[in-house]
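One file, query_2.csv, carrying CSV, N, CA and C atoms and all ligand atoms:
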```csv
chain,number,residue,atom,x,y,z
A,164,MET,N,140.3,221.1,105.1
A,164,MET,CA,140.6,220.5,103.8
A,164,MET,C,141.2,219.1,103.9
A,165,THR,N,140.7,218.2,103.1
A,165,THR,CA,141.3,216.9,103.1
A,165,THR,C,142.7,216.9,102.6
A,166,THR,N,143.1,217.9,101.8
A,166,THR,CA,144.4,217.9,101.3
A,166,THR,C,145.4,218.2,102.4
A,167,GLN,N,144.9,218.7,103.5
A,167,GLN,CA,145.8,219.0,104.6
A,167,GLN,C,146.1,217.9,105.5
A,168,THR,N,145.3,216.8,105.4
A,168,THR,CA,145.5,215.7,106.3
A,168,THR,C,146.8,215.0,106.1
A,169,ALA,N,147.4,214.5,107.1
A,169,ALA,CA,148.7,213.9,107.1
A,169,ALA,C,148.8,212.8,106.2
A,170,TRP,N,149.9,212.7,105.4
A,170,TRP,CA,150.0,211.5,104.5
A,170,TRP,C,150.4,210.3,105.4
A,171,PRO,N,150.0,209.2,105.0
A,171,PRO,CA,150.5,207.9,105.6
A,171,PRO,C,152.0,207.9,105.4
A,172,GLU,N,152.7,207.3,106.3
A,172,GLU,CA,154.1,207.3,106.3
A,172,GLU,C,154.7,206.7,105.0
A,173,ASN,N,154.0,205.7,104.5
A,173,ASN,CA,154.4,204.9,103.4
A,173,ASN,C,153.8,205.4,102.0
A,174,ALA,N,153.1,206.5,102.0
A,174,ALA,CA,152.4,206.9,100.8
A,174,ALA,C,153.4,207.5,99.8
A,175,ILE,N,153.3,207.0,98.6
A,175,ILE,CA,154.2,207.5,97.5
A,175,ILE,C,153.6,208.6,96.7
A,176,ALA,N,152.2,208.5,96.5
A,176,ALA,CA,151.5,209.5,95.7
A,176,ALA,C,150.1,209.6,96.3
A,177,ARG,N,149.5,210.8,96.1
A,177,ARG,CA,148.2,211.0,96.6
A,177,ARG,C,147.3,211.7,95.5
A,178,TYR,N,146.1,211.3,95.3
A,178,TYR,CA,145.2,211.9,94.4
A,178,TYR,C,144.0,212.4,95.1
A,179,LEU,N,143.5,213.6,94.7
A,179,LEU,CA,142.3,214.2,95.3
A,179,LEU,C,141.1,213.9,94.4
A,180,THR,N,140.1,213.3,95.0
A,180,THR,CA,138.9,213.0,94.2
A,180,THR,C,138.0,214.2,94.0
A,181,VAL,N,137.1,214.2,93.1
A,181,VAL,CA,136.1,215.3,92.9
A,181,VAL,C,135.3,215.4,94.2
A,182,GLY,N,135.1,214.4,94.9
A,182,GLY,CA,134.3,214.4,96.2
A,182,GLY,C,135.1,215.0,97.4
A,183,GLY,N,136.4,215.2,97.2
A,183,GLY,CA,137.2,215.8,98.2
A,183,GLY,C,137.9,214.7,99.1
A,184,ALA,N,137.8,213.5,98.7
A,184,ALA,CA,138.6,212.4,99.5
A,184,ALA,C,139.9,212.3,98.8
A,185,THR,N,140.8,211.5,99.5
A,185,THR,CA,142.1,211.2,98.9
A,185,THR,C,142.3,209.8,98.6
A,186,ILE,N,143.1,209.5,97.6
A,186,ILE,CA,143.5,208.2,97.2
A,186,ILE,C,145.0,208.1,97.4
A,187,ASP,N,145.4,207.2,98.2
A,187,ASP,CA,146.9,207.1,98.5
A,187,ASP,C,147.5,205.8,97.7
A,188,LEU,N,148.6,206.1,97.2
A,188,LEU,CA,149.4,205.0,96.6
A,188,LEU,C,150.5,204.5,97.6
A,189,THR,N,150.4,203.2,97.9
A,189,THR,CA,151.4,202.7,98.8
A,189,THR,C,152.0,201.4,98.2
A,190,HIS,N,153.2,201.0,98.7
A,190,HIS,CA,153.8,199.7,98.4
A,190,HIS,C,153.5,198.8,99.7
A,191,ASP,N,153.2,197.6,99.4
A,191,ASP,CA,152.9,196.7,100.5
A,191,ASP,C,153.4,195.3,100.2
A,192,THR,N,153.1,194.4,101.1
A,192,THR,CA,153.5,193.0,100.9
A,192,THR,C,152.2,192.2,100.7
A,193,LEU,N,152.3,191.2,99.8
A,193,LEU,CA,151.1,190.3,99.6
A,193,LEU,C,150.8,189.4,100.7
A,194,GLN,N,151.9,188.8,101.2
A,194,GLN,CA,151.7,187.8,102.3
A,194,GLN,C,152.3,188.4,103.6
A,195,ALA,N,151.8,188.0,104.7
A,195,ALA,CA,152.2,188.5,106.0
A,195,ALA,C,153.7,188.2,106.2
A,196,ASP,N,154.2,187.1,105.7
A,196,ASP,CA,155.6,186.7,105.9
A,196,ASP,C,156.6,187.2,104.8
A,197,ASP,N,156.0,188.0,103.8
A,197,ASP,CA,156.9,188.6,102.8
A,197,ASP,C,157.8,189.7,103.5
A,198,THR,N,159.0,189.7,103.2
A,198,THR,CA,159.9,190.7,103.9
A,198,THR,C,160.1,191.9,103.1
A,199,GLU,N,159.9,191.9,101.8
A,199,GLU,CA,160.1,193.1,101.0
A,199,GLU,C,158.7,193.5,100.3
A,200,PRO,N,158.5,194.8,100.1
A,200,PRO,CA,157.3,195.2,99.4
A,200,PRO,C,157.3,194.5,98.0
A,201,ASN,N,156.1,194.0,97.5
A,201,ASN,CA,156.0,193.4,96.3
A,201,ASN,C,154.6,193.6,95.6
A,202,VAL,N,153.9,194.6,96.0
A,202,VAL,CA,152.7,195.0,95.4
A,202,VAL,C,152.4,196.5,95.6
A,203,SER,N,151.9,197.1,94.5
A,203,SER,CA,151.5,198.5,94.6
A,203,SER,C,150.0,198.6,94.8
A,204,ILE,N,149.5,199.4,95.7
A,204,ILE,CA,148.1,199.5,96.1
A,204,ILE,C,147.7,201.0,96.1
A,205,VAL,N,146.5,201.2,95.5
A,205,VAL,CA,145.8,202.5,95.7
A,205,VAL,C,144.5,202.3,96.4
A,206,HIS,N,144.2,203.1,97.3
A,206,HIS,CA,143.1,203.0,98.2
A,206,HIS,C,142.3,204.3,98.3
A,207,CYS,N,141.0,204.3,98.0
A,207,CYS,CA,140.2,205.5,98.1
A,207,CYS,C,139.7,205.7,99.5
A,208,GLY,N,140.0,206.8,100.1
A,208,GLY,CA,139.5,207.1,101.4
A,208,GLY,C,138.0,207.5,101.5
A,209,GLY,N,137.4,207.7,100.3
A,209,GLY,CA,136.0,208.2,100.3
A,209,GLY,C,135.1,207.0,100.2
A,210,CYS,N,135.3,206.1,99.3
A,210,CYS,CA,134.4,205.0,99.1
A,210,CYS,C,135.0,203.6,99.4
A,211,LEU,N,136.3,203.6,99.8
A,211,LEU,CA,137.0,202.4,100.2
A,211,LEU,C,137.3,201.5,99.0
A,212,ALA,N,137.1,201.9,97.8
A,212,ALA,CA,137.5,201.1,96.6
A,212,ALA,C,139.0,201.1,96.6
A,213,TYR,N,139.5,200.0,96.0
A,213,TYR,CA,141.0,200.0,95.9
A,213,TYR,C,141.4,199.1,94.6
A,214,SER,N,142.6,199.3,94.3
A,214,SER,CA,143.2,198.5,93.2
A,214,SER,C,144.6,198.1,93.6
A,215,SER,N,145.1,197.0,93.1
A,215,SER,CA,146.4,196.6,93.4
A,215,SER,C,147.1,196.0,92.2
A,216,SER,N,148.4,196.0,92.2
A,216,SER,CA,149.1,195.4,91.0
A,216,SER,C,150.4,194.7,91.6
A,217,GLU,N,150.5,193.4,91.4
A,217,GLU,CA,151.7,192.7,91.8
A,217,GLU,C,152.9,193.0,91.0
A,218,TRP,N,154.0,193.3,91.6
A,218,TRP,CA,155.2,193.6,90.9
A,218,TRP,C,155.7,192.5,90.0
A,219,ARG,N,155.6,191.2,90.5
A,219,ARG,CA,156.2,190.1,89.8
A,219,ARG,C,155.5,189.9,88.4
A,220,LEU,N,154.2,190.4,88.3
A,220,LEU,CA,153.5,190.3,87.0
A,220,LEU,C,154.1,191.2,86.0
A,221,HIS,N,154.9,192.2,86.4
A,221,HIS,CA,155.4,193.2,85.5
A,221,HIS,C,156.9,193.2,85.4
A,222,ALA,N,157.5,192.3,86.2
A,222,ALA,CA,159.0,192.2,86.2
A,222,ALA,C,159.6,191.9,84.8
A,223,ASP,N,160.6,192.5,84.4
A,223,ASP,CA,161.3,192.3,83.2
A,223,ASP,C,162.8,192.5,83.3
A,224,GLN,N,163.5,192.6,82.2
A,224,GLN,CA,164.9,192.8,82.3
A,224,GLN,C,165.3,194.1,82.9
A,225,TRP,N,164.4,195.0,83.0
A,225,TRP,CA,164.7,196.4,83.4
A,225,TRP,C,164.4,196.6,84.9
A,226,GLY,N,163.8,195.6,85.6
A,226,GLY,CA,163.6,195.8,87.0
A,226,GLY,C,162.6,194.8,87.6
A,227,ASP,N,162.3,195.1,88.8
A,227,ASP,CA,161.4,194.2,89.6
A,227,ASP,C,159.9,194.4,89.3
A,228,GLY,N,159.6,195.3,88.4
A,228,GLY,CA,158.2,195.5,88.0
A,228,GLY,C,157.5,196.5,88.8
A,229,SER,N,158.1,197.1,89.8
A,229,SER,CA,157.4,198.1,90.7
A,229,SER,C,157.0,199.3,89.9
A,230,ASN,N,157.8,199.8,88.9
A,230,ASN,CA,157.5,200.9,88.1
A,230,ASN,C,156.2,200.7,87.3
A,231,TRP,N,156.2,199.5,86.7
A,231,TRP,CA,155.0,199.3,85.8
A,231,TRP,C,153.8,199.0,86.7
A,232,ALA,N,154.0,198.4,87.9
A,232,ALA,CA,152.8,198.2,88.8
A,232,ALA,C,152.3,199.6,89.3
A,233,ASP,N,153.3,200.5,89.6
A,233,ASP,CA,152.9,201.8,90.0
A,233,ASP,C,152.1,202.5,88.9
A,234,GLU,N,152.6,202.4,87.7
A,234,GLU,CA,151.9,203.0,86.5
A,234,GLU,C,150.4,202.5,86.4
A,235,ALA,N,150.3,201.2,86.6
A,235,ALA,CA,148.9,200.6,86.5
A,235,ALA,C,148.0,201.1,87.5
A,236,VAL,N,148.4,201.2,88.7
A,236,VAL,CA,147.5,201.7,89.8
A,236,VAL,C,147.4,203.2,89.7
A,237,ARG,N,148.4,203.9,89.2
A,237,ARG,CA,148.2,205.4,89.0
A,237,ARG,C,147.1,205.7,88.0
A,238,ARG,N,147.0,204.9,87.0
A,238,ARG,CA,146.0,205.0,86.0
A,238,ARG,C,144.6,204.8,86.6
A,239,TRP,N,144.5,203.8,87.5
A,239,TRP,CA,143.3,203.5,88.2
A,239,TRP,C,142.9,204.7,89.1
A,240,ALA,N,143.9,205.2,89.8
A,240,ALA,CA,143.7,206.3,90.8
A,240,ALA,C,143.2,207.5,90.1
A,241,GLN,N,143.9,207.8,89.0
A,241,GLN,CA,143.5,209.0,88.2
A,241,GLN,C,142.1,209.0,87.7
A,242,SER,N,141.7,207.8,87.2
A,242,SER,CA,140.4,207.6,86.6
A,242,SER,C,139.4,207.6,87.7
A,243,HIS,N,139.7,207.0,88.8
A,243,HIS,CA,138.7,206.9,90.0
A,243,HIS,C,138.5,208.3,90.6
A,244,ALA,N,139.6,209.1,90.7
A,244,ALA,CA,139.6,210.4,91.3
A,244,ALA,C,138.6,211.3,90.5
A,245,GLU,N,138.6,211.1,89.2
A,245,GLU,CA,137.7,212.0,88.4
A,245,GLU,C,136.2,211.7,88.5
A,246,THR,N,135.9,210.5,89.1
A,246,THR,CA,134.5,210.2,89.1
A,246,THR,C,133.9,209.9,90.5
A,247,CYS,N,134.8,209.7,91.5
A,247,CYS,CA,134.3,209.3,92.9
A,247,CYS,C,133.8,210.5,93.6
A,248,ARG,N,132.6,210.5,94.0
A,248,ARG,CA,132.0,211.6,94.8
A,248,ARG,C,131.8,211.3,96.3
A,249,ALA,N,132.2,210.1,96.7
A,249,ALA,CA,132.1,209.8,98.1
A,249,ALA,C,133.0,210.7,98.9
A,250,ILE,N,132.6,211.0,100.1
A,250,ILE,CA,133.4,211.8,101.0
A,250,ILE,C,133.7,211.0,102.3
A,251,PRO,N,134.9,211.2,102.8
A,251,PRO,CA,135.2,210.4,104.0
A,251,PRO,C,134.4,211.0,105.2
A,252,LYS,N,134.0,210.1,106.1
A,252,LYS,CA,133.4,210.5,107.3
A,252,LYS,C,134.4,211.3,108.2
A,253,PRO,N,134.0,212.4,108.7
A,253,PRO,CA,134.9,213.2,109.5
A,253,PRO,C,135.4,212.4,110.7
A,254,ALA,N,136.6,212.6,111.1
A,254,ALA,CA,137.2,211.8,112.2
A,254,ALA,C,136.6,212.3,113.5
B,301,ZN,ZN,136.2,206.4,95.8
```
Any chance you could put this one into structure tokens?
Amino acid sequence: MTTQTAWPENAIARYLTVGGATIDLTHDTLQADDTEPNVSIVHCGGCLAYSSSEWRLHADQWGDGSNWADEAVRRWAQSHAETCRAIPKPA
């Protein structure tokens, strides 16, 4: 079962697609020399589609924007998981 595969160390959330692949939500850096995470990324392990959201575009008086960026990519992941029928190639 793909749901039994180990989560990446930095995965925050995981979605299971109808095809049986997983979509992982991670925080990453935009530039190689960025020292702190500043972007939320979801990546489909079935078809390799992905979506990202920069925190600074969502920053407001309540925070650095990570929560809103997470929310944006979670919506993408949920929607993609409902339609993606690609399956990952067995290791
Ligand atoms: Zn996919």
Open item on the list: Which residues are near ligand ZN 301 (chain B) in this structure, taking near to mean any atom at most 12 Å from a ligand atom and counting only C-alpha atoms and all ligand atoms? Format them as an MDAnalysis selection string.
Closed with: chainID A and resid 178:187 205:214 239:251
Pull N, CA and C atoms from the residues just selected and write them as a compact mmCIF listing (two decimals), keeping the file's coordinate frame.
```txt
# COMPACT_ATOMS: atom_id res chain seq x y z
N TYR A 178 146.10 211.30 95.30
CA TYR A 178 145.20 211.90 94.40
C TYR A 178 144.00 212.40 95.10
N LEU A 179 143.50 213.60 94.70
CA LEU A 179 142.30 214.20 95.30
C LEU A 179 141.10 213.90 94.40
N THR A 180 140.10 213.30 95.00
CA THR A 180 138.90 213.00 94.20
C THR A 180 138.00 214.20 94.00
N VAL A 181 137.10 214.20 93.10
CA VAL A 181 136.10 215.30 92.90
C VAL A 181 135.30 215.40 94.20
N GLY A 182 135.10 214.40 94.90
CA GLY A 182 134.30 214.40 96.20
C GLY A 182 135.10 215.00 97.40
N GLY A 183 136.40 215.20 97.20
CA GLY A 183 137.20 215.80 98.20
C GLY A 183 137.90 214.70 99.10
N ALA A 184 137.80 213.50 98.70
CA ALA A 184 138.60 212.40 99.50
C ALA A 184 139.90 212.30 98.80
N THR A 185 140.80 211.50 99.50
CA THR A 185 142.10 211.20 98.90
C THR A 185 142.30 209.80 98.60
N ILE A 186 143.10 209.50 97.60
CA ILE A 186 143.50 208.20 97.20
C ILE A 186 145.00 208.10 97.40
N ASP A 187 145.40 207.20 98.20
CA ASP A 187 146.90 207.10 98.50
C ASP A 187 147.50 205.80 97.70
N VAL A 205 146.50 201.20 95.50
CA VAL A 205 145.80 202.50 95.70
C VAL A 205 144.50 202.30 96.40
N HIS A 206 144.20 203.10 97.30
CA HIS A 206 143.10 203.00 98.20
C HIS A 206 142.30 204.30 98.30
N CYS A 207 141.00 204.30 98.00
CA CYS A 207 140.20 205.50 98.10
C CYS A 207 139.70 205.70 99.50
N GLY A 208 140.00 206.80 100.10
CA GLY A 208 139.50 207.10 101.40
C GLY A 208 138.00 207.50 101.50
N GLY A 209 137.40 207.70 100.30
CA GLY A 209 136.00 208.20 100.30
C GLY A 209 135.10 207.00 100.20
N CYS A 210 135.30 206.10 99.30
CA CYS A 210 134.40 205.00 99.10
C CYS A 210 135.00 203.60 99.40
N LEU A 211 136.30 203.60 99.80
CA LEU A 211 137.00 202.40 100.20
C LEU A 211 137.30 201.50 99.00
N ALA A 212 137.10 201.90 97.80
CA ALA A 212 137.50 201.10 96.60
C ALA A 212 139.00 201.10 96.60
N TYR A 213 139.50 200.00 96.00
CA TYR A 213 141.00 200.00 95.90
C TYR A 213 141.40 199.10 94.60
N SER A 214 142.60 199.30 94.30
CA SER A 214 143.20 198.50 93.20
C SER A 214 144.60 198.10 93.60
N TRP A 239 144.50 203.80 87.50
CA TRP A 239 143.30 203.50 88.20
C TRP A 239 142.90 204.70 89.10
N ALA A 240 143.90 205.20 89.80
CA ALA A 240 143.70 206.30 90.80
C ALA A 240 143.20 207.50 90.10
N GLN A 241 143.90 207.80 89.00
CA GLN A 241 143.50 209.00 88.20
C GLN A 241 142.10 209.00 87.70
N SER A 242 141.70 207.80 87.20
CA SER A 242 140.40 207.60 86.60
C SER A 242 139.40 207.60 87.70
N HIS A 243 139.70 207.00 88.80
CA HIS A 243 138.70 206.90 90.00
C HIS A 243 138.50 208.30 90.60
N ALA A 244 139.60 209.10 90.70
CA ALA A 244 139.60 210.40 91.30
C ALA A 244 138.60 211.30 90.50
N GLU A 245 138.60 211.10 89.20
CA GLU A 245 137.70 212.00 88.40
C GLU A 245 136.20 211.70 88.50
N THR A 246 135.90 210.50 89.10
CA THR A 246 134.50 210.20 89.10
C THR A 246 133.90 209.90 90.50
N CYS A 247 134.80 209.70 91.50
CA CYS A 247 134.30 209.30 92.90
C CYS A 247 133.80 210.50 93.60
N ARG A 248 132.60 210.50 94.00
CA ARG A 248 132.00 211.60 94.80
C ARG A 248 131.80 211.30 96.30
N ALA A 249 132.20 210.10 96.70
CA ALA A 249 132.10 209.80 98.10
C ALA A 249 133.00 210.70 98.90
N ILE A 250 132.60 211.00 100.10
CA ILE A 250 133.40 211.80 101.00
C ILE A 250 133.70 211.00 102.30
N PRO A 251 134.90 211.20 102.80
CA PRO A 251 135.20 210.40 104.00
C PRO A 251 134.40 211.00 105.20
```
Open item on the list: Could you go through chain A and tell me which residues DSSP, when run on the backbone, assigns to strand (DSSP E), listing them as a list in words?
Closed with: Ala174, Ile175, Ala176, Arg177, Tyr178, Leu179, Thr185, Ile186, Asp187, Leu188, Thr189, His190, Asp191, Val202, Ser203, Ile204, Val205, His206, Cys207, Tyr213, Ser214, Ser215, Ser216 and Glu217 of chain A
TODO: Can you check which residues of chain A DSSP gives as helix (DSSP H, G or I) on the backbone and send them as a list in words?
DONE: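 Going through chain A, the helix (DSSP H, G or I) residues come out as Thr165, Thr166, Gln167, Trp218, Arg219, Leu220, Ser229, Asn230, Trp231, Ala232, Asp233, Glu234, Ala235, Val236, Arg237, Arg238, Trp239, Ala240, Gln241, Ser242, His243, Ala244, Glu245 and Thr246 of chain A.
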TODO: One decimal, Å: what's the distance from CA of Ile204 in chain A over to CA of Asp233 in chain A, could you say?
DONE: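 If I compute the distance from CA of Ile204 in chain A to CA of Asp233 in chain A, I get 8.1 Å.
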Open item on the list: Would you compute the distance between CA of Ile175 in chain A and CA of Asp227 in chain A? Give it in Å to one decimal.
Closed with: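 Rounded to one decimal, the two atoms are 17.1 Å apart.
Excluding Gly228 in chain A itself and any same-chain residue fewer than 6 positions from it, the protein and nucleic acid residues within 5 Å of it, counting only N, CA and C atoms, are Trp218, His221 and Ala222 of chain A.
Of the listed residues (A:Asn173, A:Gln224, A:Gln194, A:Thr189), A:Thr189 comes nearest to Val236 in chain A; the distances count only C-alpha atoms.
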TODO: In Å, rounded to a single decimal, give me how far atom N of Arg237 in chain A is from CA of Ala254 in chain A.
DONE: 26.8 Å
TODO: Pick out the residues sitting within 8 Å of Val202 in chain A, and hand them over as a PyMOL selection string; count all atoms listed in the file, and ignore anything fewer than 5 positions along from it in its own chain.
DONE: chain A and resi 189-193+215-219+229+232-233
So for range 177-183 of chain A, what box centre and size do we get, axis-aligned, 4 Å extra on each of the six sides, every listed atom, Å to one decimal, as JSON?
```
{"center_x": 141.9, "center_y": 213.3, "center_z": 96.0, "size_x": 23.2, "size_y": 13.0, "size_z": 14.2}
```
Working from the structure I just supplied, which lacks atoms in range 230-241 of chain A, can you model all heavy atoms there and output them as an mmCIF file, in the frame of the given file?
```
data_model
loop_
_atom_site.group_PDB
_atom_site.id
_atom_site.type_symbol
_atom_site.label_atom_id
_atom_site.label_comp_id
_atom_site.auth_asym_id
_atom_site.auth_seq_id
_atom_site.Cartn_x
_atom_site.Cartn_y
_atom_site.Cartn_z
ATOM 1 N N ASN A 230 157.800 199.800 88.900
ATOM 2 C CA ASN A 230 157.500 200.900 88.100
ATOM 3 C C ASN A 230 156.200 200.700 87.300
ATOM 4 O O ASN A 230 155.368 201.580 87.219
ATOM 5 C CB ASN A 230 158.655 201.353 87.195
ATOM 6 C CG ASN A 230 159.801 201.959 87.966
ATOM 7 O OD1 ASN A 230 159.637 202.415 89.094
ATOM 8 N ND2 ASN A 230 160.970 201.957 87.379
ATOM 9 N N TRP A 231 156.200 199.500 86.700
ATOM 10 C CA TRP A 231 155.000 199.300 85.800
ATOM 11 C C TRP A 231 153.800 199.000 86.700
ATOM 12 O O TRP A 231 152.648 199.409 86.352
ATOM 13 C CB TRP A 231 155.227 198.034 84.953
ATOM 14 C CG TRP A 231 156.208 198.280 83.849
ATOM 15 C CD1 TRP A 231 157.446 197.719 83.700
ATOM 16 C CD2 TRP A 231 156.055 199.181 82.735
ATOM 17 N NE1 TRP A 231 158.054 198.212 82.573
ATOM 18 C CE2 TRP A 231 157.234 199.107 81.957
ATOM 19 C CE3 TRP A 231 155.028 200.035 82.330
ATOM 20 C CZ2 TRP A 231 157.405 199.856 80.804
ATOM 21 C CZ3 TRP A 231 155.208 200.790 81.176
ATOM 22 C CH2 TRP A 231 156.389 200.690 80.428
ATOM 23 N N ALA A 232 154.000 198.400 87.900
ATOM 24 C CA ALA A 232 152.800 198.200 88.800
ATOM 25 C C ALA A 232 152.300 199.600 89.300
ATOM 26 O O ALA A 232 151.112 199.795 89.360
ATOM 27 C CB ALA A 232 153.281 197.349 89.963
ATOM 28 N N ASP A 233 153.300 200.500 89.600
ATOM 29 C CA ASP A 233 152.900 201.800 90.000
ATOM 30 C C ASP A 233 152.100 202.500 88.900
ATOM 31 O O ASP A 233 151.039 203.138 89.150
ATOM 32 C CB ASP A 233 154.086 202.683 90.321
ATOM 33 C CG ASP A 233 154.653 202.414 91.701
ATOM 34 O OD1 ASP A 233 154.023 201.676 92.480
ATOM 35 O OD2 ASP A 233 155.734 202.953 91.999
ATOM 36 N N GLU A 234 152.600 202.400 87.700
ATOM 37 C CA GLU A 234 151.900 203.000 86.500
ATOM 38 C C GLU A 234 150.400 202.500 86.400
ATOM 39 O O GLU A 234 149.514 203.218 86.143
ATOM 40 C CB GLU A 234 152.688 202.695 85.263
ATOM 41 C CG GLU A 234 152.097 203.274 83.997
ATOM 42 C CD GLU A 234 152.019 204.792 84.009
ATOM 43 O OE1 GLU A 234 152.783 205.421 84.761
ATOM 44 O OE2 GLU A 234 151.172 205.349 83.273
ATOM 45 N N ALA A 235 150.300 201.200 86.600
ATOM 46 C CA ALA A 235 148.900 200.600 86.500
ATOM 47 C C ALA A 235 148.000 201.100 87.500
ATOM 48 O O ALA A 235 146.844 201.486 87.201
ATOM 49 C CB ALA A 235 149.039 199.040 86.588
ATOM 50 N N VAL A 236 148.400 201.200 88.700
ATOM 51 C CA VAL A 236 147.500 201.700 89.800
ATOM 52 C C VAL A 236 147.400 203.200 89.700
ATOM 53 O O VAL A 236 146.324 203.736 90.122
ATOM 54 C CB VAL A 236 147.961 201.237 91.216
ATOM 55 C CG1 VAL A 236 147.847 199.723 91.354
ATOM 56 C CG2 VAL A 236 149.337 201.741 91.583
ATOM 57 N N ARG A 237 148.400 203.900 89.200
ATOM 58 C CA ARG A 237 148.200 205.400 89.000
ATOM 59 C C ARG A 237 147.100 205.700 88.000
ATOM 60 O O ARG A 237 146.318 206.595 88.214
ATOM 61 C CB ARG A 237 149.518 205.987 88.506
ATOM 62 C CG ARG A 237 150.564 206.220 89.567
ATOM 63 C CD ARG A 237 151.841 206.747 88.920
ATOM 64 N NE ARG A 237 152.951 206.792 89.856
ATOM 65 C CZ ARG A 237 153.202 207.824 90.665
ATOM 66 N NH1 ARG A 237 152.418 208.876 90.657
ATOM 67 N NH2 ARG A 237 154.235 207.789 91.479
ATOM 68 N N ARG A 238 147.000 204.900 87.000
ATOM 69 C CA ARG A 238 146.000 205.000 86.000
ATOM 70 C C ARG A 238 144.600 204.800 86.600
ATOM 71 O O ARG A 238 143.663 205.576 86.395
ATOM 72 C CB ARG A 238 146.143 204.097 84.789
ATOM 73 C CG ARG A 238 147.104 204.613 83.737
ATOM 74 C CD ARG A 238 146.887 203.883 82.416
ATOM 75 N NE ARG A 238 147.118 202.453 82.536
ATOM 76 C CZ ARG A 238 148.298 201.873 82.404
ATOM 77 N NH1 ARG A 238 149.349 202.606 82.141
ATOM 78 N NH2 ARG A 238 148.427 200.575 82.536
ATOM 79 N N TRP A 239 144.500 203.800 87.500
ATOM 80 C CA TRP A 239 143.300 203.500 88.200
ATOM 81 C C TRP A 239 142.900 204.700 89.100
ATOM 82 O O TRP A 239 141.769 205.157 89.100
ATOM 83 C CB TRP A 239 143.383 202.222 88.967
ATOM 84 C CG TRP A 239 142.098 201.829 89.652
ATOM 85 C CD1 TRP A 239 141.142 200.989 89.178
ATOM 86 C CD2 TRP A 239 141.635 202.291 90.935
ATOM 87 N NE1 TRP A 239 140.104 200.905 90.091
ATOM 88 C CE2 TRP A 239 140.381 201.684 91.166
ATOM 89 C CE3 TRP A 239 142.155 203.164 91.900
ATOM 90 C CZ2 TRP A 239 139.653 201.918 92.329
ATOM 91 C CZ3 TRP A 239 141.418 203.396 93.051
ATOM 92 C CH2 TRP A 239 140.185 202.773 93.267
ATOM 93 N N ALA A 240 143.900 205.200 89.800
ATOM 94 C CA ALA A 240 143.700 206.300 90.800
ATOM 95 C C ALA A 240 143.200 207.500 90.100
ATOM 96 O O ALA A 240 142.286 208.208 90.523
ATOM 97 C CB ALA A 240 144.933 206.523 91.589
ATOM 98 N N GLN A 241 143.900 207.800 89.000
ATOM 99 C CA GLN A 241 143.500 209.000 88.200
ATOM 100 C C GLN A 241 142.100 209.000 87.700
ATOM 101 O O GLN A 241 141.285 209.892 87.873
ATOM 102 C CB GLN A 241 144.472 209.211 87.025
ATOM 103 C CG GLN A 241 144.252 210.473 86.227
ATOM 104 C CD GLN A 241 144.641 211.717 86.999
ATOM 105 O OE1 GLN A 241 145.658 211.743 87.678
ATOM 106 N NE2 GLN A 241 143.835 212.744 86.918
#
```
